[in-house]
Amino acid sequence: MSESPTVAQEKMAAFAVTPAPQGRKPLTKKDLVADHPTWCPGCGDFSVLAIFLKLLEKRQLEHEKITTISGIGCSSRFPYFVQAHGAHFIHGRTLPFATGVALTRPDLHVFVFSGDGDALSIGGNHFTHTARKNVKMTMVVMDNQVYGLTKKQTSPTSPIGYRSKTDVTGVVDRPINPLKQALAAGATFVARTTHTNPNHMLQMMEAALDHQGFSFIQCLSECVEFYEGAFDASNPRKGGMFRTVPADHDVTSEVAAYQLADEPFPGYFGIFYQVRRPTKWEVEQRLIEQARKPLAGLASWQILQKSFAKMR
Amino acid sequence: MSAETEQAANPAPAAPSQRVDISQAVIRIAGNSQDGIQALGGFLARLAGRTEKEVMTFMTIPSTISGGPSIFQVRIGSGEVLSAGDEADLLLAFYQHSYENHIHFLKADGMVLYDSDNVEPKPEWTARWRHVGVPISTLTVEAIGGTAKDKGKNIYALGLLARLYDLDVPRLEELITERFTGKDPTVLTNALTAFHAGYGYSLDKARELYRFQPGTPHRRPQVVMNGNEALAYGFLAAGVRFGAAYPITPWSDTMELLRRELPKYGGIFVQCEDEIASMCMALGAGYAGRVAVTGTSGPGLSLKSEAIGWGVMAEVPVVVVDVQRGGPSTGLPTQVEQSDLHIACFGTHGDAPRIVLAPANVEDCFYTAIEAVNLARKYNTVVTVLSDQAIATRIEAFEEPDLEKICQELPIDLTPVPEHKPYDLNAPDGISRHIPPGTPVLNGKYPVAAGLEHDEMGHPSGSPKYHMAMTAKRRKKIQALAATLPTPEVYGPPEGELLLVGWGSTQGPIREAVDIARAHGEIISALHLRYLNPLPPGLPEILTRFRHVLVVEMNDEGIYGFGQLAMLLRARYCLSHIQGLNKTDGLTFKVREIYEGAMARLAQWRAEAKTGAA
Ligand SMILES: Cc1ncc(C[n+]2csc(CCOP(=O)(O)OP(=O)(O)O)c2C)c(N)n1
Ligand code: SF4
């Protein structure tokens, strides 16, 4: 969907954009590294961070327009470790917060980092609704199948039988399949990758960045502290198998995506589904355009005065 | 009774009825909610606004979905109108239940105008109140045709009222035309026909007819709206361009209006999956550089609490409206109470100082919305506007604001900054600046907006030093605001025997009660608080100049014997002469309830003083 010139002009007019500083030097990893990550040595989250920084370096986004937003959890500490605008929000509520940012500021690159508990348990409701609204942002769920920060309780993706502190004899509830969840909700980009394959992760992140809409990446990210070896089955170096989605897979077919997503663990890696649908912001701009047509040239106070005139 | 027999029973007198000059009238319209009672009341209120009168309305709506008994009360005055009136001069009753349930709200010499097709007058009441029966249903059908049995009765009745009170017919025609334009043209024709038929009905059996004295002319035309609308328009005037909410009674009107209107201003309003999401989304927009608004009622405020704490901690501006309703849990969704004060001031974990304002009337809803936005921006924090069901649904007329002067645009400022500390501990009065993402920070050190306790850049720090310093910073800016607030003015003598303290929608009735008491020779004054957190300066001086202080609030006396504001004031000023006058019947305070309640307490204190002295 192309934007009409009026909308684009108004969008620009909404920001008091001053010219970017002259002679900007390219962004390097050095510029982008903030605090030293507080994760346990060997935690899968390190590789997600490294690849994200690589993505920023490779794609040379404007530094000030990078915005990382997270909830609460080990993975959600992410914004502190990236030298960019960021917000560390409350547990599970990242998506509505990020929606507020994305709908206010179409000029920003909004990246959401979340854990499996944060995104799919306490935030499960928001996950569904943000996906269905197709809000433009990239969401990376760093899935370790356990609660890390609160020290080894069952997460919504923990497999049956896994012994956590809240299921000492083994998890009993059927785990959530994040891919199916995202597809059912209406996400327009659904992909899966793993911390043990950095090149693949970079490919997925780049594709997500370019996607116009809600892009969801499930990224397996091992918690070495509380669930070591969880993903060995997908790691060739640990004797597992890394299977990418078949070359002939139709990414625009929801049914085909479901079938792939239904494969038992470790399943497939890659883009399961991708379609272009108007984003929430675009849809709202259409409403704005319609509403403003009869009011062309009027200042806000004059529009308000029209309403007040009806109430005299 | 048919139209003929009714006419026959009331032969038209030879001389036209005389007109009696009045300065006020309280008209209670009782029927079923699907009968267009609100529209009828709305016409009267709008007309009052256009004819330089003051007006205040009050209505009850059934909490059932598909209608049921409902009333709409309008008080019109040529002078100041402070409440919707305890008792009615006129009851317009459409059904037997309307008649029987509401006749006791009539003044001693009041009149009941009833639909004689549906109401059978009771002999014991005909002697006590003036009864005027009109076969409204039959005559409406006669006027506009067979099938419209229940439609148009309200407009017919409007015609009757226009005749009875000598209302401005051309202006009423104008209002009717405005309302029905755009619908099927027959709707407008029928409405005007019904109106004229009602107006043409001979009301001579009414004994006397009335005429309002002229009102005081205003510099600008008056506008007529309810509190929920006034809040929404206030936000638009303030430059709010993003909102998010979840429906709940009685807040929903405001969100529906914003959803409809915001696109005209280039803004977006999102209906969220729940109140948690809406609070978070508004914070997201606030973080991104807009002052955003969210709102709710009752249970919704509980859900928003955790995120409100984030707004305080991360120092991000946002405005939260709470249109209070009754009770904990789902409580009394369509009734009024002022029992969210404590959650508004303190609700969320930890020490989270924030700003809480309560508008006093419909006009004030408009200006409070603007003030809330400006305070949120200046202090980078959460501002809660405490409205309530009574003010939200009542209609008042007020002078149209000078919109050209008042309306503000709030463009997002992305001017580069050389360096930035979002939580600068050296910021004067603790008020630091929030810069939205997209702002270049030239030293390359970017901030994090954080809910974790943090250092000046927003990075986590659990050290006692930072937690103490940051806690103080968040507190200091609210204290700085307190120092700038105006000391509220006492209504009445600055010292005396009794001070009635109120907040929110009870301002008018409290003043009216004070007026009555003063007319009876009592030395009583009133004080209204708009700023509830922080409290304005100068209060202890005011409070100690009165022998007794009664805080009038629509909430329970609590387990320690004080309502919610009374408890705050006692805790703040350690003044044991602060007591409470409370009620929890889900209805607004009647003037009489305040007056009589205050007098009873005075009598009790006087008796105690006597025995104490003896
Ligand atoms: C409202 C609320 N409930 C509970 C918590 C405690 N809490 C913090 S993180 C977390 C789970 C995190 O798990 P996950 O999202 O999987 O992230 P991980 O730490 O594994 O990366 C919980 C329960 C909280 N911070 N807020
Ligand atoms: S607890 Fe697990 S998830 Fe958290 S940092 Fe350590 S290894 Fe990573």
# chains A, B, ... in the order shown; residues from 1 in each chain; ligands from 1
>>> residues_around(residues="stretch 156-160 of chain B", least_positions_apart="3", cutoff="9 Å", atoms="only C-alpha atoms", output="PyMOL selection string")
chain B and resi 40-41+43-44+92+136-137+139-140+143+152-153+163-165+169+172+191-203
>>> write_last_selection(atoms="N, CA, C and O atoms", output="compact mmCIF listing (two decimals), in the first residue's frame")
# COMPACT_ATOMS: atom_id res chain seq x y z
N LEU B 40 -35.11 14.66 25.16
CA LEU B 40 -36.01 15.72 25.62
C LEU B 40 -35.29 16.63 26.62
O LEU B 40 -35.29 17.86 26.48
N GLY B 41 -34.64 16.00 27.61
CA GLY B 41 -33.90 16.78 28.59
C GLY B 41 -32.78 17.56 27.93
O GLY B 41 -32.51 18.71 28.27
N PHE B 43 -32.70 18.74 24.89
CA PHE B 43 -33.24 19.93 24.20
C PHE B 43 -33.41 21.08 25.18
O PHE B 43 -33.06 22.23 24.89
N LEU B 44 -33.94 20.77 26.35
CA LEU B 44 -34.17 21.83 27.34
C LEU B 44 -32.84 22.44 27.77
O LEU B 44 -32.71 23.66 27.90
N LEU B 92 -42.83 15.46 34.82
CA LEU B 92 -43.45 15.00 33.59
C LEU B 92 -43.40 13.48 33.62
O LEU B 92 -42.32 12.90 33.58
N ILE B 136 -50.94 12.26 26.02
CA ILE B 136 -49.76 12.49 25.17
C ILE B 136 -49.63 11.43 24.09
O ILE B 136 -49.40 11.73 22.91
N SER B 137 -49.81 10.15 24.46
CA SER B 137 -49.63 9.07 23.47
C SER B 137 -50.62 9.22 22.33
O SER B 137 -50.25 9.22 21.15
N LEU B 139 -52.42 11.80 21.40
CA LEU B 139 -52.29 13.03 20.62
C LEU B 139 -51.06 12.98 19.71
O LEU B 139 -51.07 13.53 18.62
N THR B 140 -50.01 12.30 20.17
CA THR B 140 -48.82 12.19 19.32
C THR B 140 -49.18 11.36 18.09
O THR B 140 -48.83 11.73 16.97
N ALA B 143 -51.19 13.31 15.76
CA ALA B 143 -50.42 14.35 15.07
C ALA B 143 -49.55 13.79 13.95
O ALA B 143 -49.52 14.35 12.86
N GLY B 152 -41.86 9.98 19.19
CA GLY B 152 -42.33 11.36 19.08
C GLY B 152 -43.04 11.88 20.32
O GLY B 152 -43.31 13.06 20.43
N LYS B 153 -43.34 10.96 21.27
CA LYS B 153 -43.99 11.40 22.51
C LYS B 153 -43.15 12.46 23.22
O LYS B 153 -43.67 13.41 23.79
N ARG B 163 -44.99 25.44 25.80
CA ARG B 163 -46.19 26.24 26.06
C ARG B 163 -46.24 26.65 27.54
O ARG B 163 -46.45 27.79 27.89
N LEU B 164 -45.95 25.67 28.39
CA LEU B 164 -46.06 25.91 29.84
C LEU B 164 -45.07 26.98 30.31
O LEU B 164 -45.39 27.81 31.14
N TYR B 165 -43.85 26.92 29.77
CA TYR B 165 -42.81 27.84 30.25
C TYR B 165 -42.52 28.96 29.26
O TYR B 165 -41.53 29.66 29.41
N VAL B 169 -39.73 29.32 20.93
CA VAL B 169 -40.13 28.33 19.93
C VAL B 169 -39.19 28.29 18.71
O VAL B 169 -38.75 27.20 18.32
N LEU B 172 -36.16 26.38 19.61
CA LEU B 172 -36.41 24.95 19.78
C LEU B 172 -36.55 24.27 18.42
O LEU B 172 -36.05 23.18 18.20
N ALA B 191 -41.14 15.19 13.73
CA ALA B 191 -40.72 15.78 15.00
C ALA B 191 -41.27 17.18 15.13
O ALA B 191 -41.84 17.55 16.16
N LEU B 192 -41.16 17.95 14.04
CA LEU B 192 -41.67 19.33 14.10
C LEU B 192 -43.19 19.33 14.27
O LEU B 192 -43.75 20.13 15.02
N THR B 193 -43.87 18.38 13.58
CA THR B 193 -45.32 18.29 13.71
C THR B 193 -45.71 17.96 15.15
O THR B 193 -46.60 18.60 15.73
N ALA B 194 -45.03 16.99 15.73
CA ALA B 194 -45.32 16.60 17.11
C ALA B 194 -45.09 17.78 18.04
O ALA B 194 -45.89 18.05 18.95
N PHE B 195 -43.99 18.49 17.80
CA PHE B 195 -43.65 19.62 18.66
C PHE B 195 -44.76 20.68 18.59
O PHE B 195 -45.25 21.17 19.61
N HIS B 196 -45.21 21.00 17.39
CA HIS B 196 -46.23 22.04 17.25
C HIS B 196 -47.55 21.59 17.81
O HIS B 196 -48.28 22.39 18.40
N ALA B 197 -47.85 20.30 17.64
CA ALA B 197 -49.10 19.78 18.22
C ALA B 197 -49.07 19.96 19.73
O ALA B 197 -50.04 20.40 20.34
N GLY B 198 -47.95 19.63 20.33
CA GLY B 198 -47.81 19.78 21.79
C GLY B 198 -47.91 21.24 22.18
O GLY B 198 -48.60 21.59 23.15
N TYR B 199 -47.26 22.07 21.40
CA TYR B 199 -47.26 23.49 21.73
C TYR B 199 -48.67 24.08 21.59
O TYR B 199 -49.08 24.95 22.35
N GLY B 200 -49.40 23.52 20.63
CA GLY B 200 -50.73 24.05 20.38
C GLY B 200 -51.77 23.55 21.37
O GLY B 200 -52.88 24.06 21.43
N TYR B 201 -51.42 22.55 22.16
CA TYR B 201 -52.41 22.00 23.10
C TYR B 201 -52.70 23.05 24.16
O TYR B 201 -51.80 23.68 24.72
N SER B 202 -53.99 23.17 24.45
CA SER B 202 -54.37 24.19 25.42
C SER B 202 -54.07 23.71 26.83
O SER B 202 -54.59 22.71 27.29
N LEU B 203 -53.21 24.42 27.50
CA LEU B 203 -52.83 24.00 28.85
C LEU B 203 -53.52 24.85 29.90
O LEU B 203 -52.99 25.05 30.99
>>> residues_near_ligand(ligand="ligand 1", cutoff="10 Å", atoms="only C-alpha atoms and all ligand atoms", output="VMD selection string")
(chain A and resid 39 43 to 45 71 to 78 89 to 93 113 to 123 141 to 158 221 to 223 226 to 227) or (chain B and resid 306 to 307 452)
>>> write_last_selection(atoms="N, CA and C atoms", output="short mmCIF file (atom, residue, chain, number, x, y, z; two decimals), in the first residue's frame")
data_model
loop_
_atom_site.label_atom_id
_atom_site.label_comp_id
_atom_site.auth_asym_id
_atom_site.auth_seq_id
_atom_site.Cartn_x
_atom_site.Cartn_y
_atom_site.Cartn_z
N TRP A 39 24.54 -11.12 31.80
CA TRP A 39 24.11 -12.51 31.67
C TRP A 39 25.19 -13.48 32.15
N CYS A 43 25.48 -17.83 28.27
CA CYS A 43 24.04 -17.66 28.02
C CYS A 43 23.81 -17.38 26.54
N GLY A 44 22.79 -17.98 25.97
CA GLY A 44 22.48 -17.79 24.55
C GLY A 44 22.18 -16.35 24.19
N ASP A 45 21.74 -15.57 25.17
CA ASP A 45 21.36 -14.18 24.90
C ASP A 45 22.53 -13.37 24.35
N GLY A 71 10.58 -6.02 28.11
CA GLY A 71 9.80 -6.23 29.33
C GLY A 71 10.73 -6.56 30.47
N ILE A 72 10.40 -7.62 31.20
CA ILE A 72 11.24 -8.01 32.35
C ILE A 72 11.64 -9.48 32.20
N GLY A 73 12.87 -9.75 32.49
CA GLY A 73 13.43 -11.10 32.38
C GLY A 73 14.91 -10.94 32.08
N CYS A 74 15.66 -12.04 32.07
CA CYS A 74 17.08 -11.93 31.73
C CYS A 74 17.21 -11.31 30.35
N SER A 75 16.49 -11.90 29.38
CA SER A 75 16.56 -11.45 28.00
C SER A 75 16.17 -9.98 27.88
N SER A 76 15.22 -9.60 28.70
CA SER A 76 14.67 -8.25 28.60
C SER A 76 15.60 -7.15 29.12
N ARG A 77 16.77 -7.56 29.61
CA ARG A 77 17.75 -6.53 30.00
C ARG A 77 18.38 -5.88 28.77
N PHE A 78 18.08 -6.42 27.64
CA PHE A 78 18.67 -6.04 26.37
C PHE A 78 18.95 -4.53 26.17
N PHE A 89 10.62 -1.73 30.08
CA PHE A 89 9.26 -1.57 30.58
C PHE A 89 8.91 -2.63 31.62
N ILE A 90 7.62 -2.81 31.90
CA ILE A 90 7.23 -3.77 32.93
C ILE A 90 6.99 -5.15 32.33
N HIS A 91 6.86 -6.12 33.20
CA HIS A 91 6.81 -7.52 32.78
C HIS A 91 5.59 -7.83 31.90
N GLY A 92 5.87 -8.27 30.68
CA GLY A 92 4.80 -8.75 29.81
C GLY A 92 4.10 -7.70 28.99
N ARG A 93 4.37 -6.42 29.27
CA ARG A 93 3.57 -5.37 28.64
C ARG A 93 4.33 -4.61 27.55
N PHE A 113 12.54 -6.84 22.50
CA PHE A 113 13.20 -8.06 22.96
C PHE A 113 12.47 -8.57 24.19
N SER A 114 12.16 -9.85 24.16
CA SER A 114 11.31 -10.40 25.19
C SER A 114 11.71 -11.83 25.47
N GLY A 115 11.25 -12.35 26.61
CA GLY A 115 11.48 -13.76 26.92
C GLY A 115 10.22 -14.55 26.66
N ASP A 116 10.31 -15.86 26.76
CA ASP A 116 9.12 -16.68 26.51
C ASP A 116 8.05 -16.44 27.57
N GLY A 117 8.47 -16.23 28.81
CA GLY A 117 7.48 -15.95 29.85
C GLY A 117 6.88 -14.57 29.66
N ASP A 118 7.76 -13.62 29.42
CA ASP A 118 7.34 -12.23 29.24
C ASP A 118 6.36 -12.11 28.07
N ALA A 119 6.70 -12.75 26.97
CA ALA A 119 5.91 -12.57 25.74
C ALA A 119 4.66 -13.42 25.72
N LEU A 120 4.76 -14.65 26.22
CA LEU A 120 3.69 -15.60 25.96
C LEU A 120 2.87 -15.98 27.18
N SER A 121 3.41 -15.66 28.36
CA SER A 121 2.63 -15.96 29.56
C SER A 121 1.93 -14.71 30.03
N ILE A 122 2.65 -13.86 30.77
CA ILE A 122 2.01 -12.63 31.28
C ILE A 122 1.60 -11.71 30.13
N GLY A 123 2.33 -11.79 29.04
CA GLY A 123 2.03 -10.90 27.91
C GLY A 123 1.27 -11.58 26.78
N VAL A 141 11.60 -12.98 20.39
CA VAL A 141 11.39 -13.68 21.67
C VAL A 141 12.57 -14.61 21.89
N MET A 142 13.35 -14.30 22.91
CA MET A 142 14.52 -15.12 23.23
C MET A 142 14.03 -16.26 24.12
N ASP A 143 13.76 -17.38 23.44
CA ASP A 143 13.05 -18.48 24.08
C ASP A 143 14.04 -19.47 24.69
N ASN A 144 14.08 -19.51 26.04
CA ASN A 144 14.95 -20.48 26.70
C ASN A 144 14.15 -21.58 27.39
N GLN A 145 12.86 -21.56 27.18
CA GLN A 145 11.94 -22.57 27.72
C GLN A 145 11.98 -22.68 29.24
N VAL A 146 12.37 -21.58 29.88
CA VAL A 146 12.40 -21.58 31.34
C VAL A 146 12.39 -20.13 31.79
N TYR A 147 12.01 -19.90 33.04
CA TYR A 147 12.13 -18.55 33.59
C TYR A 147 13.54 -18.42 34.13
N GLY A 148 14.32 -17.54 33.53
CA GLY A 148 15.70 -17.37 33.95
C GLY A 148 15.83 -16.44 35.13
N LEU A 149 15.33 -15.24 34.96
CA LEU A 149 15.55 -14.21 35.98
C LEU A 149 15.02 -14.61 37.36
N THR A 150 13.89 -15.31 37.37
CA THR A 150 13.33 -15.71 38.67
C THR A 150 13.79 -17.11 39.07
N LYS A 151 14.76 -17.65 38.32
CA LYS A 151 15.52 -18.83 38.71
C LYS A 151 14.77 -20.16 38.61
N LYS A 152 14.46 -20.49 37.37
CA LYS A 152 14.03 -21.85 37.07
C LYS A 152 12.63 -22.24 37.48
N GLN A 153 11.67 -21.48 37.02
CA GLN A 153 10.29 -21.97 37.11
C GLN A 153 9.84 -22.36 35.71
N THR A 154 8.69 -23.04 35.66
CA THR A 154 8.14 -23.47 34.37
C THR A 154 7.75 -22.27 33.53
N SER A 155 8.10 -22.31 32.25
CA SER A 155 7.68 -21.24 31.34
C SER A 155 6.62 -21.82 30.41
N PRO A 156 5.91 -20.98 29.67
CA PRO A 156 4.85 -21.52 28.80
C PRO A 156 5.39 -22.38 27.66
N THR A 157 6.71 -22.31 27.42
CA THR A 157 7.26 -23.18 26.38
C THR A 157 8.04 -24.37 26.94
N SER A 158 8.12 -24.48 28.26
CA SER A 158 8.83 -25.64 28.84
C SER A 158 8.17 -26.93 28.38
N SER A 221 17.28 -19.60 22.62
CA SER A 221 18.41 -18.98 23.30
C SER A 221 18.61 -19.68 24.63
N GLU A 222 19.65 -20.45 24.69
CA GLU A 222 19.79 -21.38 25.81
C GLU A 222 20.11 -20.70 27.14
N CYS A 223 19.43 -21.16 28.17
CA CYS A 223 19.75 -20.74 29.54
C CYS A 223 20.70 -21.79 30.11
N PHE A 226 19.91 -22.73 33.99
CA PHE A 226 18.77 -23.51 34.47
C PHE A 226 18.21 -24.53 33.49
N TYR A 227 18.67 -24.46 32.25
CA TYR A 227 18.16 -25.45 31.30
C TYR A 227 19.24 -25.75 30.27
N GLU B 306 0.08 -0.91 37.94
CA GLU B 306 1.50 -1.26 37.83
C GLU B 306 2.19 -0.35 36.82
N ALA B 307 1.52 -0.12 35.69
CA ALA B 307 2.13 0.71 34.66
C ALA B 307 2.20 2.17 35.08
N LEU B 452 13.38 -0.06 36.44
CA LEU B 452 14.31 -0.49 37.49
C LEU B 452 14.92 0.76 38.10
#
>>> residues_around(residues="B:Ile395", least_positions_apart="3", cutoff="6 Å", atoms="only C-alpha atoms", output="MDAnalysis selection string")
chainID B and resid 56:57 225:226
>>> write_last_selection(atoms="C-alpha atoms", output="mmCIF file, in the first residue's frame")
data_model
loop_
_atom_site.group_PDB
_atom_site.id
_atom_site.type_symbol
_atom_site.label_atom_id
_atom_site.label_comp_id
_atom_site.auth_asym_id
_atom_site.auth_seq_id
_atom_site.Cartn_x
_atom_site.Cartn_y
_atom_site.Cartn_z
ATOM 1 C CA MET B 56 -27.564 21.637 35.281
ATOM 2 C CA THR B 57 -28.977 18.208 34.665
ATOM 3 C CA MET B 225 -22.286 19.489 27.101
ATOM 4 C CA ASN B 226 -21.646 16.893 29.755
#
>>> interface_residues(of="chain A", to="chain B", cutoff="7 Å", atoms="only C-alpha atoms", output="PyMOL selection string")
chain A and resi 14-18+64-65+67+80+83-90+93+96-101+104-105+108+129+284+287-288+291-292+300-301+305+308+311-312
>>> write_last_selection(atoms="N, CA, C and O atoms", output="short mmCIF file (atom, residue, chain, number, x, y, z; two decimals), in the first residue's frame")
data_model
loop_
_atom_site.label_atom_id
_atom_site.label_comp_id
_atom_site.auth_asym_id
_atom_site.auth_seq_id
_atom_site.Cartn_x
_atom_site.Cartn_y
_atom_site.Cartn_z
N ALA A 14 4.67 16.58 11.40
CA ALA A 14 4.44 16.30 12.81
C ALA A 14 5.73 16.28 13.62
O ALA A 14 5.71 16.38 14.83
N PHE A 15 6.84 16.16 12.97
CA PHE A 15 8.10 16.10 13.69
C PHE A 15 8.93 17.32 13.39
O PHE A 15 9.13 17.67 12.23
N ALA A 16 9.40 17.96 14.42
CA ALA A 16 10.25 19.12 14.23
C ALA A 16 11.66 18.61 13.94
O ALA A 16 12.57 18.72 14.74
N VAL A 17 11.81 18.01 12.76
CA VAL A 17 13.08 17.35 12.46
C VAL A 17 14.13 18.37 12.07
O VAL A 17 13.93 19.16 11.15
N THR A 18 15.21 18.35 12.77
CA THR A 18 16.32 19.22 12.41
C THR A 18 17.30 18.36 11.62
O THR A 18 17.34 17.14 11.80
N GLU A 64 20.13 7.61 16.19
CA GLU A 64 19.10 8.10 17.12
C GLU A 64 17.74 7.46 16.87
O GLU A 64 16.83 7.59 17.68
N LYS A 65 17.60 6.78 15.74
CA LYS A 65 16.28 6.21 15.42
C LYS A 65 16.15 4.75 15.82
O LYS A 65 15.10 4.13 15.63
N THR A 67 15.49 2.07 18.44
CA THR A 67 14.84 2.07 19.74
C THR A 67 14.60 0.63 20.18
O THR A 67 13.90 -0.12 19.51
N TYR A 80 19.72 -2.15 27.93
CA TYR A 80 20.88 -1.58 28.65
C TYR A 80 22.19 -1.87 27.92
O TYR A 80 23.19 -1.21 28.15
N GLN A 83 23.80 0.74 22.87
CA GLN A 83 23.93 2.20 23.00
C GLN A 83 22.96 2.87 22.02
O GLN A 83 23.34 3.26 20.92
N ALA A 84 21.69 2.95 22.43
CA ALA A 84 20.65 3.56 21.59
C ALA A 84 19.50 3.93 22.50
O ALA A 84 19.47 3.51 23.66
N HIS A 85 18.57 4.71 21.97
CA HIS A 85 17.37 5.00 22.77
C HIS A 85 16.72 3.68 23.16
O HIS A 85 16.62 2.76 22.33
N GLY A 86 16.26 3.61 24.39
CA GLY A 86 15.64 2.36 24.80
C GLY A 86 14.71 2.55 25.98
O GLY A 86 14.76 3.56 26.68
N ALA A 87 13.85 1.58 26.16
CA ALA A 87 12.96 1.60 27.31
C ALA A 87 12.87 0.20 27.89
O ALA A 87 12.70 -0.78 27.17
N HIS A 88 13.05 0.13 29.20
CA HIS A 88 12.93 -1.13 29.91
C HIS A 88 11.61 -1.07 30.65
O HIS A 88 11.50 -0.40 31.68
N PHE A 89 10.62 -1.73 30.08
CA PHE A 89 9.26 -1.57 30.58
C PHE A 89 8.91 -2.63 31.62
O PHE A 89 9.80 -3.28 32.15
N ILE A 90 7.62 -2.81 31.90
CA ILE A 90 7.23 -3.77 32.93
C ILE A 90 6.99 -5.15 32.33
O ILE A 90 6.90 -5.31 31.12
N ARG A 93 4.37 -6.42 29.27
CA ARG A 93 3.57 -5.37 28.64
C ARG A 93 4.33 -4.61 27.55
O ARG A 93 3.92 -3.53 27.15
N PRO A 96 2.17 -3.53 24.02
CA PRO A 96 1.36 -2.31 23.97
C PRO A 96 2.21 -1.05 24.10
O PRO A 96 1.93 -0.05 23.42
N PHE A 97 3.23 -1.10 24.92
CA PHE A 97 4.11 0.06 25.04
C PHE A 97 4.76 0.35 23.68
O PHE A 97 4.74 1.48 23.18
N ALA A 98 5.31 -0.68 23.07
CA ALA A 98 5.96 -0.51 21.78
C ALA A 98 4.96 -0.06 20.72
O ALA A 98 5.30 0.69 19.80
N THR A 99 3.71 -0.48 20.86
CA THR A 99 2.68 -0.04 19.93
C THR A 99 2.48 1.47 20.05
O THR A 99 2.36 2.18 19.05
N GLY A 100 2.45 1.94 21.30
CA GLY A 100 2.34 3.38 21.51
C GLY A 100 3.48 4.12 20.83
O GLY A 100 3.28 5.18 20.23
N VAL A 101 4.67 3.56 20.90
CA VAL A 101 5.83 4.20 20.26
C VAL A 101 5.67 4.13 18.73
O VAL A 101 5.79 5.14 18.04
N THR A 104 3.05 6.39 17.23
CA THR A 104 3.35 7.81 17.38
C THR A 104 4.50 8.20 16.46
O THR A 104 4.59 9.31 15.99
N ARG A 105 5.40 7.25 16.22
CA ARG A 105 6.65 7.58 15.55
C ARG A 105 6.99 6.59 14.44
O ARG A 105 7.86 5.72 14.60
N LEU A 108 10.71 5.74 13.49
CA LEU A 108 11.66 4.98 14.32
C LEU A 108 11.72 3.51 13.91
O LEU A 108 10.77 2.97 13.36
N HIS A 129 -2.96 -9.51 20.34
CA HIS A 129 -3.59 -8.28 19.83
C HIS A 129 -2.64 -7.41 19.03
O HIS A 129 -3.06 -6.70 18.12
N GLU A 284 -4.66 3.64 10.16
CA GLU A 284 -5.07 4.86 10.88
C GLU A 284 -4.85 6.11 10.02
O GLU A 284 -5.63 7.05 10.09
N LEU A 287 -7.80 6.66 7.92
CA LEU A 287 -8.90 7.27 8.67
C LEU A 287 -8.66 8.77 8.82
O LEU A 287 -9.57 9.59 8.68
N ILE A 288 -7.41 9.10 9.11
CA ILE A 288 -7.06 10.51 9.30
C ILE A 288 -7.31 11.27 8.00
O ILE A 288 -7.92 12.35 7.99
N ALA A 291 -10.95 11.77 7.48
CA ALA A 291 -11.53 12.71 8.44
C ALA A 291 -11.12 14.15 8.12
O ALA A 291 -11.85 15.08 8.38
N ARG A 292 -9.93 14.29 7.55
CA ARG A 292 -9.41 15.65 7.33
C ARG A 292 -9.85 16.24 6.01
O ARG A 292 -9.77 17.45 5.83
N SER A 300 -6.27 23.44 14.11
CA SER A 300 -6.95 22.62 15.12
C SER A 300 -8.04 23.40 15.85
O SER A 300 -9.13 22.88 16.08
N TRP A 301 -7.72 24.64 16.22
CA TRP A 301 -8.72 25.38 17.01
C TRP A 301 -9.97 25.64 16.20
O TRP A 301 -11.07 25.69 16.74
N GLN A 305 -13.65 24.49 17.05
CA GLN A 305 -14.73 25.46 17.07
C GLN A 305 -15.95 24.96 16.31
O GLN A 305 -17.08 25.21 16.71
N PHE A 308 -17.77 22.84 18.69
CA PHE A 308 -18.42 23.63 19.74
C PHE A 308 -19.65 24.35 19.19
O PHE A 308 -20.64 24.52 19.90
N MET A 311 -22.72 22.65 19.67
CA MET A 311 -23.21 22.46 21.04
C MET A 311 -23.74 23.74 21.65
O MET A 311 -24.02 23.79 22.83
N ARG A 312 -23.81 24.79 20.83
CA ARG A 312 -24.34 26.05 21.37
C ARG A 312 -25.83 25.93 21.62
O ARG A 312 -26.52 25.20 20.92
#
>>> residues_around(residues="A:Leu95", least_positions_apart="6", cutoff="8 Å", atoms="only C-alpha atoms", output="list in words")
Val112, Gly123, His126, Phe127 and Thr130 of chain A
>>> atom_distance(atom1="atom CA of A:Val135", atom2="atom CA of B:Ala369")
28.7 Å
